[in-house]
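Student: Here you go, one structure.
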Amino acid sequence: MFDMKLNDKTVQAKKGETILDVASRAGVKIPTLCHDDRLDPMGSCRMCLVDVTGQRRLEPACAFKVREGMEIQTESERITKHRQWLLSFYMADHALDEAGLPKERGVGNQLRDHVESYGSAATLPAINAPRESREDANPYIHFDPEACILCNRCVRYCDEVEAVSAITLAGRGSKTTIATADQIGLLDSTCEMCGGCIATCPTGAMTEKPSLESKISDEVITRTTCNFCGVGCQLNLHVTDDKVVRVTSPEPGETVNDGNLCIKGRFAYEFIHSEDRLTKPLIRGEDGKLHETDWDTAIRVVADGLKGVKKRHGADALGFISSSRCTGEENYLMQKLSRAAFITNNIHQCAAT
Ligand code: SF4
Ligand code: SF4
Ligand code: FES
């Protein structure tokens, strides 16, 4: 560890850390756009530029490594001016709302937050030709090129975290956009529909397609544990009018899944409100058809059936299979039922190898 100065205060840092690492630990907020703690720094958006004593130009806090004795200012008139001009350039190409702010879309629109905090220096004419918008016929991911600032976070996430490399920066100059290789569309690419590109996008250019009609400000958010497998990923359920309308991942670093989710955790929630869901137990009658019954009857029929098999063929004629969608406690109880109640070790769980 060594000492350095951050906004005139002495702070401790260690070799290899960036200015942003040290500032975050010290509780000093530096605005970012292309940065995500899970990704290698790229230093492309220039939002995080700060003043390093002795350096002629402002330096990117997310990529600039600290040294002993370094002196850094994260706020000054010069830095504010830089941020305002930068935001003006980003907004020149951006779809704005009536208040002149980047349109509200997606969860965690950092660009909008920064414009609200710093304002912009001027209204500039659009620099780029309008980017082509191609409908990607996949069911989950909507991409709006008008909101994309080409920060490359989605591409780097797909490559560095998911190791899938389904998307890339395609085209040149004003025609640059995010696309699959050869523009084949996500469904035909290696994309796993994890939606991590949506979660990392700082502008809402990538959003959840099934939730396009939903207004984030109307959504009530509840943190819960995903029950598709036993990993215990945390997720946020967004609810409007008693219906789950969106699922998002908590911020990276906050929970065990570090901001990541799989396709099931992020998108497989429509079953919650499906009319096909079984709400009552069913028993097959002598007519071969399934009939609704109450839980006491259903449990009695299953218990009698199991006891009958044991009596006629012995305990090892029985086998118990539990589910990775159950909690650890429920799986424990299932093996207790198998081993202690029916005296057989024929117990298995679908996630076991
Ligand atoms: S959904 Fe996941 S796999 Fe598909 S492009 Fe986005 S990050 Fe890559
Ligand atoms: S879609 Fe979002 S994350 Fe990807 S480059 Fe555009 S702004 Fe960045
Ligand atoms: S966040 Fe540092 S350059 Fe983008």
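Chain lettering (A, B, ...) mirrors the order of the structure tokens, residue numbering begins at 1 for each chain separately, and ligand numbering begins at 1 in order of display.
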Once DSSP has gone over the backbone, tell me which residues of region 89-323 of chain A are in strand (DSSP E), as a count of residues only.

Tutor: 42

Student: With only C-alpha atoms counted and 12 Å as the cut-off, give the residues of region 132-187 of chain A in contact with region 102-118 of chain A, each with its shortest interatomic distance in Å and the pair that gives it, as JSON lines.

Tutor:
{"residue": "A:Ile141", "atom": "CA", "partner": "A:Gly106", "partner_atom": "CA", "distance": 11.5}
{"residue": "A:His142", "atom": "CA", "partner": "A:Gly106", "partner_atom": "CA", "distance": 10.3}
{"residue": "A:Phe143", "atom": "CA", "partner": "A:Gly106", "partner_atom": "CA", "distance": 10.8}
{"residue": "A:Asp144", "atom": "CA", "partner": "A:Arg105", "partner_atom": "CA", "distance": 10.2}
{"residue": "A:Glu146", "atom": "CA", "partner": "A:Lys103", "partner_atom": "CA", "distance": 10.2}
{"residue": "A:Ala147", "atom": "CA", "partner": "A:Pro102", "partner_atom": "CA", "distance": 8.0}
{"residue": "A:Cys148", "atom": "CA", "partner": "A:Leu111", "partner_atom": "CA", "distance": 10.3}
{"residue": "A:Ile149", "atom": "CA", "partner": "A:Leu111", "partner_atom": "CA", "distance": 9.2}
{"residue": "A:Cys151", "atom": "CA", "partner": "A:Leu111", "partner_atom": "CA", "distance": 11.3}

Student: Could you turn the residues from that selection into a file that holds N, CA and C atoms, as a PDB file, in the first residue's frame?

Tutor:
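And here's again34.pdb as it stands now:
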ATOM      1  N   ILE A 141     -34.305  -9.890 -27.111  1.00  0.00           N
ATOM      2  CA  ILE A 141     -33.403  -8.731 -27.039  1.00  0.00           C
ATOM      3  C   ILE A 141     -33.743  -7.701 -28.110  1.00  0.00           C
ATOM      4  N   HIS A 142     -34.047  -6.479 -27.637  1.00  0.00           N
ATOM      5  CA  HIS A 142     -34.362  -5.406 -28.569  1.00  0.00           C
ATOM      6  C   HIS A 142     -33.165  -4.454 -28.615  1.00  0.00           C
ATOM      7  N   PHE A 143     -32.712  -4.129 -29.811  1.00  0.00           N
ATOM      8  CA  PHE A 143     -31.580  -3.199 -29.957  1.00  0.00           C
ATOM      9  C   PHE A 143     -32.046  -1.971 -30.717  1.00  0.00           C
ATOM     10  N   ASP A 144     -31.801  -0.812 -30.107  1.00  0.00           N
ATOM     11  CA  ASP A 144     -32.192   0.446 -30.727  1.00  0.00           C
ATOM     12  C   ASP A 144     -30.927   1.260 -31.038  1.00  0.00           C
ATOM     13  N   GLU A 146     -30.382   4.019 -32.296  1.00  0.00           N
ATOM     14  CA  GLU A 146     -30.483   5.449 -32.004  1.00  0.00           C
ATOM     15  C   GLU A 146     -29.979   5.793 -30.598  1.00  0.00           C
ATOM     16  N   ALA A 147     -30.056   4.807 -29.692  1.00  0.00           N
ATOM     17  CA  ALA A 147     -29.638   5.057 -28.309  1.00  0.00           C
ATOM     18  C   ALA A 147     -28.240   4.533 -28.024  1.00  0.00           C
ATOM     19  N   CYS A 148     -27.605   3.946 -29.028  1.00  0.00           N
ATOM     20  CA  CYS A 148     -26.300   3.305 -28.805  1.00  0.00           C
ATOM     21  C   CYS A 148     -25.177   4.331 -28.910  1.00  0.00           C
ATOM     22  N   ILE A 149     -24.285   4.347 -27.928  1.00  0.00           N
ATOM     23  CA  ILE A 149     -23.144   5.278 -27.980  1.00  0.00           C
ATOM     24  C   ILE A 149     -21.853   4.538 -28.353  1.00  0.00           C
ATOM     25  N   CYS A 151     -20.194   2.188 -26.962  1.00  0.00           N
ATOM     26  CA  CYS A 151     -19.209   2.055 -25.881  1.00  0.00           C
ATOM     27  C   CYS A 151     -18.586   0.668 -25.851  1.00  0.00           C
TER      28      CYS A 151
END

Student: Around ligand 1, at most 7 Å away and counting only C-alpha atoms and all ligand atoms, which residues are there? Put them as a PyMOL selection string, please.

Tutor: chain A and resi 154+157-158+162+164-167+186+190-198

Student: How about saving the chosen residues, N, CA and C atoms kept, as a short mmCIF file (atom, residue, chain, number, x, y, z; two decimals), in the first residue's frame?

Tutor:
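Just written: selection04.cif:
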data_model
loop_
_atom_site.label_atom_id
_atom_site.label_comp_id
_atom_site.auth_asym_id
_atom_site.auth_seq_id
_atom_site.Cartn_x
_atom_site.Cartn_y
_atom_site.Cartn_z
N CYS A 154 -21.47 -4.12 -24.36
CA CYS A 154 -22.22 -5.36 -24.64
C CYS A 154 -21.32 -6.38 -25.33
N TYR A 157 -18.80 -7.67 -22.80
CA TYR A 157 -19.45 -8.57 -21.83
C TYR A 157 -19.64 -9.96 -22.46
N CYS A 158 -20.17 -9.97 -23.67
CA CYS A 158 -20.46 -11.22 -24.36
C CYS A 158 -19.17 -12.04 -24.54
N GLU A 162 -19.34 -13.95 -20.77
CA GLU A 162 -20.08 -15.12 -21.26
C GLU A 162 -19.20 -16.05 -22.10
N VAL A 164 -18.90 -16.00 -25.27
CA VAL A 164 -19.76 -16.43 -26.37
C VAL A 164 -19.44 -15.67 -27.68
N SER A 165 -19.08 -14.41 -27.56
CA SER A 165 -18.72 -13.58 -28.73
C SER A 165 -19.76 -13.62 -29.84
N ALA A 166 -21.03 -13.44 -29.44
CA ALA A 166 -22.10 -13.48 -30.45
C ALA A 166 -22.23 -12.16 -31.19
N ILE A 167 -21.82 -11.05 -30.56
CA ILE A 167 -22.00 -9.74 -31.20
C ILE A 167 -20.66 -9.02 -31.35
N LEU A 186 -29.43 -12.76 -33.90
CA LEU A 186 -29.02 -13.45 -32.68
C LEU A 186 -29.46 -14.91 -32.64
N THR A 190 -24.28 -17.61 -31.98
CA THR A 190 -23.96 -18.42 -30.80
C THR A 190 -24.62 -17.85 -29.54
N CYS A 191 -25.40 -16.80 -29.68
CA CYS A 191 -26.03 -16.13 -28.53
C CYS A 191 -26.80 -17.11 -27.66
N GLU A 192 -26.60 -16.97 -26.34
CA GLU A 192 -27.31 -17.85 -25.39
C GLU A 192 -28.51 -17.15 -24.76
N MET A 193 -28.81 -15.94 -25.24
CA MET A 193 -29.95 -15.16 -24.73
C MET A 193 -29.86 -14.96 -23.21
N CYS A 194 -28.66 -14.74 -22.72
CA CYS A 194 -28.50 -14.52 -21.28
C CYS A 194 -28.96 -13.12 -20.89
N GLY A 195 -28.97 -12.21 -21.86
CA GLY A 195 -29.41 -10.84 -21.59
C GLY A 195 -28.39 -10.01 -20.83
N GLY A 196 -27.17 -10.52 -20.69
CA GLY A 196 -26.13 -9.76 -19.99
C GLY A 196 -25.77 -8.48 -20.72
N CYS A 197 -25.92 -8.50 -22.06
CA CYS A 197 -25.64 -7.29 -22.85
C CYS A 197 -26.65 -6.20 -22.49
N ILE A 198 -27.88 -6.59 -22.18
CA ILE A 198 -28.90 -5.62 -21.78
C ILE A 198 -28.51 -5.00 -20.44
#

Student: Residues of region 157-260 of chain A that have any atom at most 10 Å from an atom of region 24-43 of chain A: could you tabulate them with the shortest-distance atom pair and the distance in Å to one decimal, using only C-alpha atoms, ordered by chain and increasing number, as CSV?

Tutor:
residue,atom,partner,partner_atom,distance
A:Tyr157,CA,A:Leu39,CA,6.7
A:Asp159,CA,A:Leu39,CA,9.5
A:Glu160,CA,A:Leu39,CA,6.7
A:Val161,CA,A:Arg38,CA,7.4
A:Thr200,CA,A:Asp36,CA,7.2
A:Cys201,CA,A:Cys34,CA,8.6
A:Pro202,CA,A:Leu33,CA,6.0
A:Thr203,CA,A:Leu33,CA,8.5
A:Pro252,CA,A:Asp37,CA,7.4
A:Gly253,CA,A:Asp37,CA,8.4
A:Asp258,CA,A:Arg38,CA,8.4
A:Gly259,CA,A:Arg38,CA,9.1

Student: Excluding Glu213 (chain A) and any residue of its chain fewer than 2 positions from it, enumerate the residues within 12 Å of it, using only C-alpha atoms, and give them as a ChimeraX atom specification.

Tutor: /A:105-106,142,207-211,215-216,218-219,240,245-246

Student: Could you write out the selected residues, including N, CA and C atoms, as a PDB file, in the first residue's frame?

Tutor:
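Below you can see again.pdb, which holds the result:
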ATOM      1  N   ARG A 105     -35.319   4.794 -21.095  1.00  0.00           N
ATOM      2  CA  ARG A 105     -35.524   3.419 -21.572  1.00  0.00           C
ATOM      3  C   ARG A 105     -34.517   2.517 -20.875  1.00  0.00           C
ATOM      4  N   GLY A 106     -34.878   1.260 -20.747  1.00  0.00           N
ATOM      5  CA  GLY A 106     -33.992   0.331 -20.059  1.00  0.00           C
ATOM      6  C   GLY A 106     -33.868   0.679 -18.585  1.00  0.00           C
ATOM      7  N   HIS A 142     -34.047  -6.479 -27.637  1.00  0.00           N
ATOM      8  CA  HIS A 142     -34.362  -5.406 -28.569  1.00  0.00           C
ATOM      9  C   HIS A 142     -33.165  -4.454 -28.615  1.00  0.00           C
ATOM     10  N   THR A 207     -32.501  -3.553 -24.705  1.00  0.00           N
ATOM     11  CA  THR A 207     -33.530  -3.711 -23.665  1.00  0.00           C
ATOM     12  C   THR A 207     -34.233  -5.058 -23.810  1.00  0.00           C
ATOM     13  N   GLU A 208     -35.042  -5.371 -22.790  1.00  0.00           N
ATOM     14  CA  GLU A 208     -35.778  -6.638 -22.791  1.00  0.00           C
ATOM     15  C   GLU A 208     -36.962  -6.496 -23.746  1.00  0.00           C
ATOM     16  N   LYS A 209     -36.972  -7.280 -24.805  1.00  0.00           N
ATOM     17  CA  LYS A 209     -38.049  -7.170 -25.796  1.00  0.00           C
ATOM     18  C   LYS A 209     -39.442  -7.448 -25.214  1.00  0.00           C
ATOM     19  N   PRO A 210     -39.601  -8.478 -24.350  1.00  0.00           N
ATOM     20  CA  PRO A 210     -40.961  -8.718 -23.824  1.00  0.00           C
ATOM     21  C   PRO A 210     -41.469  -7.578 -22.952  1.00  0.00           C
ATOM     22  N   SER A 211     -40.592  -6.661 -22.518  1.00  0.00           N
ATOM     23  CA  SER A 211     -41.016  -5.597 -21.590  1.00  0.00           C
ATOM     24  C   SER A 211     -41.092  -4.229 -22.261  1.00  0.00           C
ATOM     25  N   LYS A 215     -43.601   0.574 -18.471  1.00  0.00           N
ATOM     26  CA  LYS A 215     -42.908   1.806 -18.082  1.00  0.00           C
ATOM     27  C   LYS A 215     -42.184   1.547 -16.763  1.00  0.00           C
ATOM     28  N   ILE A 216     -40.866   1.718 -16.783  1.00  0.00           N
ATOM     29  CA  ILE A 216     -40.077   1.357 -15.604  1.00  0.00           C
ATOM     30  C   ILE A 216     -40.543   2.091 -14.349  1.00  0.00           C
ATOM     31  N   ASP A 218     -43.391   2.776 -13.404  1.00  0.00           N
ATOM     32  CA  ASP A 218     -44.603   2.166 -12.811  1.00  0.00           C
ATOM     33  C   ASP A 218     -44.313   0.821 -12.158  1.00  0.00           C
ATOM     34  N   GLU A 219     -43.086   0.329 -12.304  1.00  0.00           N
ATOM     35  CA  GLU A 219     -42.801  -1.033 -11.856  1.00  0.00           C
ATOM     36  C   GLU A 219     -42.331  -1.051 -10.403  1.00  0.00           C
ATOM     37  N   THR A 240     -45.982  -4.922 -12.244  1.00  0.00           N
ATOM     38  CA  THR A 240     -46.995  -3.889 -12.491  1.00  0.00           C
ATOM     39  C   THR A 240     -48.358  -4.564 -12.473  1.00  0.00           C
ATOM     40  N   VAL A 245     -43.465  -8.151 -15.026  1.00  0.00           N
ATOM     41  CA  VAL A 245     -43.336  -7.644 -16.394  1.00  0.00           C
ATOM     42  C   VAL A 245     -41.871  -7.576 -16.857  1.00  0.00           C
ATOM     43  N   ARG A 246     -40.942  -7.796 -15.931  1.00  0.00           N
ATOM     44  CA  ARG A 246     -39.523  -7.714 -16.295  1.00  0.00           C
ATOM     45  C   ARG A 246     -38.711  -8.361 -15.175  1.00  0.00           C
TER      46      ARG A 246
END

Student: Rounded to one decimal place, report the CA of Asp182 (chain A)-CA of Glu135 (chain A) distance in Å.

Tutor: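 For CA of Asp182 (chain A) relative to CA of Glu135 (chain A), the distance reads 14.8 Å.
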
Student: What are the DSSP helix (DSSP H, G or I) residues of region 74-196 of chain A, as number ranges by chain?

Tutor: A: 77-92, 110-118, 145-147, 153-160, 173-175, 181-183, 186-188, 196

Student: Tell me, as a ChimeraX atom specification, which residues lie within 9 Å of Phe320 (chain A), counting only C-alpha atoms; anything in the same chain fewer than 2 positions away does not count.

Tutor: /A:318,322,334-335,337-338,345-349

Student: Which of these residues is nearest to Leu150 (chain A), using only C-alpha atoms: A:Ile283, A:Leu58, A:Cys45, A:Val302?

Tutor: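 Using only C-alpha atoms, Leu150 (chain A) sits closest to A:Cys45.
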
Student: Which neighbours of Thr225 (chain A) fall inside 6 Å, counting only C-alpha atoms, when residues of the same chain fewer than 6 positions from it are skipped, and could you give them as a list in words?

Tutor: Gly232, Cys233 and Gln234 of chain A

Student: May I have the residues from that selection written out with C-alpha atoms, as a short mmCIF file (atom, residue, chain, number, x, y, z; two decimals), in the first residue's frame?

Tutor:
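Result saved to again-v7.cif:
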data_model
loop_
_atom_site.label_atom_id
_atom_site.label_comp_id
_atom_site.auth_asym_id
_atom_site.auth_seq_id
_atom_site.Cartn_x
_atom_site.Cartn_y
_atom_site.Cartn_z
CA GLY A 232 -29.07 -19.14 -5.66
CA CYS A 233 -28.76 -16.23 -8.14
CA GLN A 234 -30.47 -13.09 -6.93
#
